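Asks: Enclosed is the structure file target.cif (mmCIF, C-alpha atoms and all ligand atoms).
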data_input
#
loop_
_atom_site.label_atom_id
_atom_site.label_comp_id
_atom_site.auth_asym_id
_atom_site.auth_seq_id
_atom_site.Cartn_x
_atom_site.Cartn_y
_atom_site.Cartn_z
CA MET E 1 51.42 -20.69 -15.51
CA ASN E 2 50.46 -24.32 -16.00
CA LEU E 3 47.16 -24.80 -17.75
CA SER E 4 44.95 -27.64 -16.60
CA LEU E 5 42.81 -29.67 -18.99
CA PRO E 6 39.60 -27.90 -17.92
CA THR E 7 41.30 -24.54 -18.54
CA LEU E 8 42.46 -25.65 -21.97
CA ALA E 9 38.92 -26.81 -22.77
CA LEU E 10 37.57 -23.44 -21.69
CA ILE E 11 40.12 -21.62 -23.84
CA ALA E 12 39.19 -23.75 -26.86
CA THR E 13 35.59 -22.67 -26.28
CA LEU E 14 36.62 -19.06 -25.96
CA LEU E 15 38.55 -19.15 -29.21
CA ALA E 16 35.45 -20.38 -31.03
CA ALA E 17 33.14 -17.81 -29.42
CA PRO E 18 33.86 -14.67 -31.50
CA ARG E 19 32.51 -16.37 -34.63
CA LEU E 20 29.22 -17.11 -32.88
CA LEU E 21 29.18 -13.60 -31.55
CA ALA E 22 29.71 -12.05 -34.97
CA GLN E 23 26.47 -13.63 -36.09
CA SER E 24 24.46 -11.97 -33.33
CA LEU E 25 25.87 -8.45 -33.39
CA LYS E 26 25.87 -6.16 -36.37
CA GLU E 27 29.21 -4.82 -37.57
CA ASP E 28 28.39 -1.35 -36.30
CA GLY E 29 27.25 -2.55 -32.88
CA PRO E 30 23.78 -2.69 -31.35
CA THR E 31 21.16 -0.39 -32.88
CA GLU E 32 20.00 2.59 -30.84
CA VAL E 33 16.29 2.53 -29.96
CA PRO E 34 14.05 4.80 -27.84
CA PHE E 35 13.91 3.81 -24.15
CA GLN E 36 10.22 2.86 -24.42
CA SER E 37 11.00 0.40 -27.26
CA LEU E 38 13.37 -1.71 -25.12
CA SER E 39 12.20 -5.25 -24.32
CA SER E 40 12.36 -4.36 -20.61
CA THR E 41 12.00 -0.85 -19.19
CA THR E 42 11.75 -1.98 -15.56
CA LEU E 43 14.77 -0.75 -13.62
CA GLY E 44 15.95 -1.14 -10.03
CA ALA E 45 16.60 1.82 -7.72
CA PHE E 46 20.25 2.13 -8.80
CA GLY E 47 19.31 1.93 -12.49
CA ARG E 48 16.74 4.69 -12.11
CA THR E 49 19.29 6.79 -10.19
CA ALA E 50 21.89 6.32 -12.94
CA LEU E 51 19.54 7.37 -15.76
CA ALA E 52 18.34 10.37 -13.76
CA LEU E 53 21.91 11.72 -13.57
CA ASN E 54 21.71 12.87 -17.19
CA PRO E 55 18.46 11.68 -18.81
CA ASP E 56 18.90 13.55 -22.11
CA SER E 57 22.35 12.12 -22.87
CA PHE E 58 21.63 8.41 -22.43
CA LYS E 59 21.11 6.29 -25.53
CA HIS E 60 19.63 2.78 -25.40
CA ALA E 61 20.13 -0.45 -27.30
CA GLU E 62 20.02 -4.21 -26.77
CA SER E 63 21.62 -7.47 -27.87
CA ALA E 64 20.79 -11.15 -27.21
CA ASN E 65 21.34 -11.09 -23.43
CA PHE E 66 21.78 -7.43 -22.46
CA ILE E 67 20.17 -4.00 -22.59
CA TYR E 68 22.62 -1.08 -22.80
CA HIS E 69 22.37 2.48 -21.52
CA TYR E 70 25.26 4.62 -22.78
CA PHE E 71 26.43 8.00 -24.01
CA ASP E 72 28.97 6.95 -26.64
CA PRO E 73 28.11 4.43 -29.44
CA ILE E 74 31.76 3.33 -29.80
CA THR E 75 31.88 2.44 -26.11
CA ALA E 76 28.55 0.62 -26.42
CA LYS E 77 29.78 -1.43 -29.35
CA GLN E 78 32.92 -2.52 -27.49
CA VAL E 79 31.03 -3.33 -24.29
CA ALA E 80 28.29 -5.23 -26.17
CA THR E 81 30.86 -7.37 -27.97
CA GLU E 82 32.67 -8.22 -24.73
CA ALA E 83 29.53 -8.69 -22.61
CA GLU E 84 27.93 -11.22 -24.99
CA PHE E 85 31.24 -13.07 -25.34
CA PHE E 86 31.69 -13.23 -21.55
CA PHE E 87 28.08 -14.14 -20.81
CA ARG E 88 28.03 -17.14 -23.14
CA THR E 89 31.44 -18.35 -22.07
CA ILE E 90 30.63 -18.19 -18.34
CA ALA E 91 27.28 -19.96 -18.91
CA LYS E 92 29.23 -22.64 -20.75
CA ASP E 93 31.73 -22.89 -17.88
CA PHE E 94 28.76 -24.04 -15.76
CA GLY E 95 27.29 -26.25 -18.50
CA ARG E 96 24.22 -23.97 -18.67
CA GLU E 97 24.72 -22.37 -22.10
CA ASN E 98 21.48 -23.74 -23.53
CA GLU E 99 19.21 -22.23 -20.89
CA ALA E 100 16.90 -19.50 -22.13
CA VAL E 101 17.40 -16.09 -20.53
CA GLU E 102 14.11 -14.96 -19.04
CA GLN E 103 15.13 -11.39 -18.52
CA LYS E 104 17.93 -9.44 -20.14
CA ALA E 105 20.36 -7.72 -17.79
CA HIS E 106 20.93 -3.96 -17.97
CA ILE E 107 24.43 -2.52 -18.40
CA PHE E 108 24.93 1.15 -17.60
CA MET E 109 28.05 2.80 -19.03
CA LEU E 110 28.72 6.00 -17.17
CA PRO E 111 31.26 8.64 -18.28
CA ASP E 112 33.68 9.84 -15.58
CA LYS E 113 31.60 12.77 -14.34
CA GLU E 114 28.38 10.78 -13.95
CA TRP E 115 30.35 7.85 -12.50
CA GLU E 116 31.74 10.05 -9.72
CA GLU E 117 28.23 11.22 -8.86
CA PHE E 118 26.86 7.69 -8.99
CA LYS E 119 29.66 6.32 -6.79
CA ARG E 120 28.75 8.59 -3.91
CA GLY E 121 25.41 6.88 -3.45
CA ALA E 122 26.37 3.30 -4.29
CA SER E 123 28.25 0.56 -2.48
CA LEU E 124 30.95 -0.26 -4.98
CA ASP E 125 32.93 -3.43 -5.32
CA PRO E 126 36.21 -2.18 -3.81
CA TRP E 127 38.43 -4.12 -6.18
CA THR E 128 37.16 -3.45 -9.66
CA GLY E 129 35.40 -0.12 -9.54
CA GLY E 130 32.31 -1.65 -11.14
CA MET E 131 29.09 -2.65 -9.50
CA HIS E 132 26.61 -5.48 -9.86
CA THR E 133 23.26 -5.48 -8.16
CA GLY E 134 20.38 -7.77 -9.09
CA ASN E 135 19.90 -7.60 -12.84
CA GLU E 136 22.00 -4.47 -13.38
CA LEU E 137 25.69 -3.77 -14.00
CA PHE E 138 27.31 -0.36 -13.72
CA ILE E 139 30.68 0.45 -15.21
CA THR E 140 32.61 3.54 -16.17
CA ARG E 141 34.11 3.47 -19.58
CA ASP E 142 34.99 6.28 -21.95
CA GLY E 143 35.88 5.82 -25.59
CA GLU E 144 36.83 2.58 -27.25
CA ARG E 145 39.79 1.72 -25.03
CA PRO E 146 39.02 -1.30 -22.83
CA GLN E 147 39.94 -0.59 -19.22
CA GLY E 148 40.81 -4.00 -17.84
CA PRO E 149 38.78 -6.90 -16.53
CA THR E 150 36.01 -4.99 -14.70
CA LEU E 151 33.28 -5.98 -17.13
CA GLY E 152 34.24 -9.68 -17.08
CA HIS E 153 34.31 -9.61 -13.27
CA GLU E 154 30.85 -8.02 -13.01
CA VAL E 155 29.33 -10.25 -15.72
CA GLY E 156 30.73 -13.16 -13.68
CA HIS E 157 28.71 -12.00 -10.64
CA LEU E 158 25.61 -11.56 -12.77
CA VAL E 159 25.73 -15.02 -14.32
CA VAL E 160 26.41 -16.92 -11.08
CA GLN E 161 23.62 -15.07 -9.30
CA ARG E 162 21.27 -16.01 -12.15
CA PHE E 163 22.22 -19.70 -11.82
CA PHE E 164 22.79 -20.04 -8.08
CA GLY E 165 20.81 -17.25 -6.37
CA ASP E 166 21.73 -14.67 -3.75
CA ASN E 167 23.37 -16.81 -1.07
CA ILE E 168 26.76 -17.47 -2.65
CA PRO E 169 29.55 -17.12 -0.02
CA LEU E 170 31.53 -13.90 -0.48
CA TRP E 171 34.89 -15.62 -1.12
CA LEU E 172 33.36 -17.90 -3.79
CA ASN E 173 31.49 -15.07 -5.51
CA GLU E 174 34.58 -12.82 -5.67
CA GLY E 175 37.02 -15.67 -6.26
CA TYR E 176 35.04 -16.93 -9.24
CA ALA E 177 34.59 -13.40 -10.69
CA GLU E 178 38.35 -12.81 -10.40
CA TYR E 179 39.23 -16.22 -11.83
CA ILE E 180 36.90 -16.01 -14.82
CA SER E 181 37.64 -12.37 -15.68
CA GLY E 182 41.38 -13.14 -15.85
CA VAL E 183 40.79 -16.11 -18.13
CA LEU E 184 38.23 -14.23 -20.24
CA TYR E 185 40.35 -11.18 -20.90
CA ALA E 186 43.40 -13.18 -21.88
CA SER E 187 41.25 -15.29 -24.20
CA TYR E 188 39.38 -12.31 -25.63
CA TYR E 189 42.65 -10.75 -26.74
CA ARG E 190 44.17 -14.01 -27.93
CA ALA E 191 41.08 -14.52 -30.10
CA ARG E 192 41.85 -11.12 -31.63
CA LYS E 193 45.49 -11.99 -32.33
CA TYR E 194 46.99 -10.10 -29.38
CA ALA E 195 49.54 -11.95 -27.28
CA ALA E 196 47.93 -12.41 -23.89
CA LYS E 197 47.94 -14.81 -21.00
CA PRO E 198 46.11 -14.51 -17.70
CA HIS E 199 47.94 -12.11 -15.43
CA PHE E 200 47.17 -12.47 -11.74
CA ALA E 201 48.67 -10.45 -8.92
CA GLY E 202 50.61 -12.39 -6.31
CA MET E 203 50.59 -12.16 -2.54
CA THR E 204 53.08 -12.88 0.22
CA LEU E 205 52.79 -15.46 2.99
CA GLU E 206 52.30 -12.83 5.69
CA ASP E 207 49.10 -11.64 3.95
CA TYR E 208 47.62 -15.13 4.03
CA ILE E 209 44.10 -15.32 5.49
CA PRO E 210 43.40 -18.64 7.28
CA LEU E 211 40.92 -20.81 5.35
CA GLU E 212 38.42 -20.86 8.24
CA LYS E 213 38.29 -17.07 8.16
CA LEU E 214 38.36 -16.66 4.37
CA THR E 215 35.50 -19.05 3.72
CA THR E 216 33.20 -17.60 6.40
CA LEU E 217 33.64 -13.86 5.72
CA THR E 218 30.34 -12.11 5.06
CA THR E 219 31.78 -8.60 4.60
CA TYR E 220 34.93 -7.31 2.90
CA PRO E 221 38.03 -6.92 5.10
CA ALA E 222 38.59 -3.39 6.40
CA GLN E 223 42.21 -2.78 5.38
CA GLU E 224 43.19 -2.22 1.75
CA ARG E 225 45.99 -4.76 2.01
CA GLU E 226 43.62 -7.36 3.44
CA VAL E 227 41.13 -6.66 0.67
CA ALA E 228 43.80 -7.42 -1.94
CA ALA E 229 44.76 -10.64 -0.13
CA PHE E 230 41.10 -11.61 0.14
CA TYR E 231 40.56 -11.34 -3.64
CA ILE E 232 43.83 -13.02 -4.58
CA GLU E 233 43.42 -15.91 -2.15
CA SER E 234 39.76 -16.43 -3.10
CA ARG E 235 40.75 -16.52 -6.77
CA LYS E 236 43.57 -18.98 -6.08
CA LEU E 237 41.20 -21.27 -4.19
CA VAL E 238 38.70 -21.19 -7.07
CA SER E 239 41.51 -21.94 -9.59
CA PHE E 240 42.69 -24.84 -7.45
CA LEU E 241 39.18 -26.31 -7.24
CA GLN E 242 38.53 -25.75 -10.97
CA GLN E 243 41.63 -27.77 -11.73
CA ARG E 244 40.10 -30.76 -9.91
CA GLY E 245 37.48 -30.90 -12.71
CA LYS E 246 34.51 -28.91 -13.97
CA GLU E 247 31.78 -31.27 -12.80
CA LEU E 248 33.15 -31.37 -9.26
CA PHE E 249 33.46 -27.59 -9.17
CA ARG E 250 29.88 -27.12 -10.40
CA ALA E 251 28.57 -29.50 -7.71
CA PHE E 252 30.67 -27.77 -5.05
CA PHE E 253 29.44 -24.31 -6.14
CA ALA E 254 25.79 -25.47 -6.05
CA ASP E 255 26.25 -26.98 -2.55
CA LEU E 256 27.73 -23.79 -1.10
CA ALA E 257 25.04 -21.63 -2.73
CA LYS E 258 22.44 -23.82 -0.99
CA GLY E 259 23.99 -23.08 2.40
CA THR E 260 26.19 -26.16 2.90
CA SER E 261 29.29 -25.32 4.95
CA PHE E 262 32.70 -25.23 3.23
CA ASP E 263 33.94 -28.28 5.18
CA SER E 264 30.84 -30.38 4.41
CA ALA E 265 30.88 -29.47 0.71
CA VAL E 266 34.60 -30.26 0.39
CA GLN E 267 34.03 -33.58 2.08
CA SER E 268 30.96 -34.61 0.10
CA VAL E 269 32.15 -33.36 -3.33
CA TYR E 270 35.92 -33.90 -3.16
CA GLY E 271 35.90 -36.71 -0.62
CA VAL E 272 38.48 -35.15 1.70
CA SER E 273 38.25 -33.48 5.10
CA ARG E 274 40.45 -30.65 6.27
CA ARG E 275 41.87 -32.47 9.31
ZN ZN V 1 33.20 -8.47 -7.29
#
Would you kindly transcribe this structure into structure tokens?
Ligand SMILES: [Zn+2]

Replies:
Amino acid sequence: MNLSLPTLALIATLLAAPRLLAQSLKEDGPTEVPFQSLSSTTLGAFGRTALALNPDSFKHAESANFIYHYFDPITAKQVATEAEFFFRTIAKDFGRENEAVEQKAHIFMLPDKEWEEFKRGASLDPWTGGMHTGNELFITRDGERPQGPTLGHEVGHLVVQRFFGDNIPLWLNEGYAEYISGVLYASYYRARKYAAKPHFAGMTLEDYIPLEKLTTLTTYPAQEREVAAFYIESRKLVSFLQQRGKELFRAFFADLAKGTSFDSAVQSVYGVSRR
């Protein structure tokens, strides 16, 4: 994979991030506190549903940008380290790292049994098996073994919604989450001396979704194969646009989130029209 200058700049940032992170999290992870002592105890409908699945087993803690609800402290420590790292890096990707966070987001870590129960009542992101809604993220994770880029993907959704609101086109929302989670995971492991580079699935020409269709979809495609193509193509389009420069991409993202059509935003930001 060829790395563009913006990507290299992002990676340099990522490599510096763990040091900053180490200053904000204690060695043994976030400290458990009673639910009522959390800085925010207001939950959405899904958050209340999750806690009600097994109220006596949930522990609670918080760090700079997140509040955690978990069973296993080792899992919570791992998730807290990754979530803070991802949050700051994504904010920086949009040049918004110095903005104060008004409200911490809640992350629910559900063991397999509770996750299965929770899934039945929730509309899950079909690709990652995690879920983001409003100010809450839901993931399943047991033990200290990281399970792939789900958390980075969902934190990606959370951060862009915070900056750009609820009207981000589906392809851009998923494409950005896929793009940034791939970059984040590779960088997270490189920063910890593991050999890693972004690994992205490929797709064949026959799966290609025409741009007009891709950029106007408001619901996920019905077929599993189409869903995979939708995520891959959306991510490739975001990568392509990111390589044209960070400032342009940020302006383009803001335009689309305000309701500007894909064609108009491409023309006004990148100065080209499709035909
Ligand atoms: Zn998603």

Asks: Interatomic distance between atom CA of His132 of chain E and atom CA of Phe35 of chain E?

Replies: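 Separation between atom CA of His132 of chain E and atom CA of Phe35 of chain E: 21.3 Å.
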
Asks: Given the point (18.0, 9.1, -15.9) in the file's coordinates, find the residues that have an atom at most 12 Å from it, counting all atoms listed in the file, and give them as a list in words.

Replies: Phe35, Leu43, Gly44, Ala45, Phe46, Gly47, Arg48, Thr49, Ala50, Leu51, Ala52, Leu53, Asn54, Pro55, Asp56, Ser57, Phe58, Lys59, His60, His69, Tyr70, Phe71, Phe108, Leu110, Glu114 and Phe118 of chain E

Asks: Would you output that residue set with C-alpha atoms, as a JSON list (two decimals), in the frame of the given file?

Replies:
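Done, and the output landed in part-v1.json:
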[["chain", "number", "residue", "atom", "x", "y", "z"],
["E", 35, "PHE", "CA", 13.91, 3.81, -24.15],
["E", 43, "LEU", "CA", 14.77, -0.75, -13.62],
["E", 44, "GLY", "CA", 15.95, -1.14, -10.03],
["E", 45, "ALA", "CA", 16.60, 1.82, -7.72],
["E", 46, "PHE", "CA", 20.25, 2.13, -8.80],
["E", 47, "GLY", "CA", 19.31, 1.93, -12.49],
["E", 48, "ARG", "CA", 16.74, 4.69, -12.11],
["E", 49, "THR", "CA", 19.29, 6.79, -10.19],
["E", 50, "ALA", "CA", 21.89, 6.32, -12.94],
["E", 51, "LEU", "CA", 19.54, 7.37, -15.76],
["E", 52, "ALA", "CA", 18.34, 10.37, -13.76],
["E", 53, "LEU", "CA", 21.91, 11.72, -13.57],
["E", 54, "ASN", "CA", 21.71, 12.87, -17.19],
["E", 55, "PRO", "CA", 18.46, 11.68, -18.81],
["E", 56, "ASP", "CA", 18.90, 13.55, -22.11],
["E", 57, "SER", "CA", 22.35, 12.12, -22.87],
["E", 58, "PHE", "CA", 21.63, 8.41, -22.43],
["E", 59, "LYS", "CA", 21.11, 6.29, -25.53],
["E", 60, "HIS", "CA", 19.63, 2.78, -25.40],
["E", 69, "HIS", "CA", 22.37, 2.48, -21.52],
["E", 70, "TYR", "CA", 25.26, 4.62, -22.78],
["E", 71, "PHE", "CA", 26.43, 8.00, -24.01],
["E", 108, "PHE", "CA", 24.93, 1.15, -17.60],
["E", 110, "LEU", "CA", 28.72, 6.00, -17.17],
["E", 114, "GLU", "CA", 28.38, 10.78, -13.95],
["E", 118, "PHE", "CA", 26.86, 7.69, -8.99]]

Asks: Can you pull out the residues contacting Val238 of chain E? Cut-off 7 Å, using all atoms listed in the file, and skip same-chain residues under 6 positions away; I want them as an MDAnalysis selection string.

Replies: chainID E and resid 175:176 179

Asks: Take atom CA of Thr41 of chain E and atom CA of Leu137 of chain E and report the distance between them in Å, one decimal.

Replies: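 Straight-line distance from atom CA of Thr41 of chain E to atom CA of Leu137 of chain E works out to 14.9 Å.
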
Asks: I want to know what sits within 12 Å of Arg225 of chain E, based on only C-alpha atoms, with residues of the same chain fewer than 3 positions away left out; could you give that as JSON, numbers by chain?

Replies: {"E": [126, 127, 203, 204, 206, 207, 208, 209, 220, 221, 222, 228, 229, 230, 231, 232]}

Asks: Enumerate, as an MDAnalysis selection string, the protein, DNA and RNA residues whose atoms approach (42.1, -21.3, -4.3) to within 10 Å, taking into account only C-alpha atoms and the coordinate frame of the file.

Replies: chainID E and resid 171:172 175:176 179 211 232:243

Asks: Could you tell me how far atom CA of Gly121 of chain E sits from atom CA of Pro30 of chain E, in Å to one decimal place?

Replies: 29.5 Å

Asks: With a distance cut-off of 7 Å and only C-alpha atoms, select the neighbouring residues of Asn135 of chain E, excluding the residue or stretch itself and same-chain residues fewer than 2 positions from it, and output the selection as a CSV table (one decimal) with C-alpha atoms, in the coordinates of the input.

Replies:
chain,number,residue,atom,x,y,z
E,105,ALA,CA,20.4,-7.7,-17.8
E,106,HIS,CA,20.9,-4.0,-18.0
E,133,THR,CA,23.3,-5.5,-8.2
E,158,LEU,CA,25.6,-11.6,-12.8

Asks: Extract, using all atoms listed in the file, all DNA, RNA and protein residues at most 12 Å from Val272 of chain E, discarding same-chain residues fewer than 5 positions from it, and format them as a list of chain:residue names.

Replies: E:Phe262, E:Asp263, E:Ser264, E:Ala265, E:Val266, E:Gln267

Asks: Go ahead and dump the residues you just picked, C-alpha atoms, as a PDB file, in the frame of the given file.

Replies:
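Contents of again.pdb, as written:
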ATOM      1  CA  PHE E 262      32.700 -25.230   3.230  1.00  0.00           C
ATOM      2  CA  ASP E 263      33.940 -28.280   5.180  1.00  0.00           C
ATOM      3  CA  SER E 264      30.840 -30.380   4.410  1.00  0.00           C
ATOM      4  CA  ALA E 265      30.880 -29.470   0.710  1.00  0.00           C
ATOM      5  CA  VAL E 266      34.600 -30.260   0.390  1.00  0.00           C
ATOM      6  CA  GLN E 267      34.030 -33.580   2.080  1.00  0.00           C
TER       7      GLN E 267
END

Asks: Find the residue from E:Thr218, E:Gln223, E:Asn65, E:Gln78 that sits nearest to Val159 of chain E; use all atoms listed in the file when measuring.

Replies: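 Smallest separation from Val159 of chain E among the options: E:Asn65.
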
Asks: Would you mind telling me which residue in E:Ala100, E:Ala177, E:Val79, E:Val269 lies nearest to Arg244 of chain E when using only C-alpha atoms?

Replies: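 Comparing E:Ala100, E:Ala177, E:Val79, E:Val269 against Arg244 of chain E, the winner is E:Val269.
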
Asks: Given the choices E:Phe138, E:Phe249, E:Tyr270, E:Phe66, which gets closest to ligand ZN 1 (chain V) if the distance is worked out from only C-alpha atoms and all ligand atoms?

Replies: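 Closest residue, counting only C-alpha atoms and all ligand atoms: E:Phe138.
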
Asks: Quick one: of E:Ser181, E:Ala254, E:Ser268, E:Glu212, who's nearest to ligand ZN 1 (chain V), counting all atoms listed in the file?

Replies: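 Checking each candidate against ligand ZN 1 (chain V), we get E:Ser181 as the closest.
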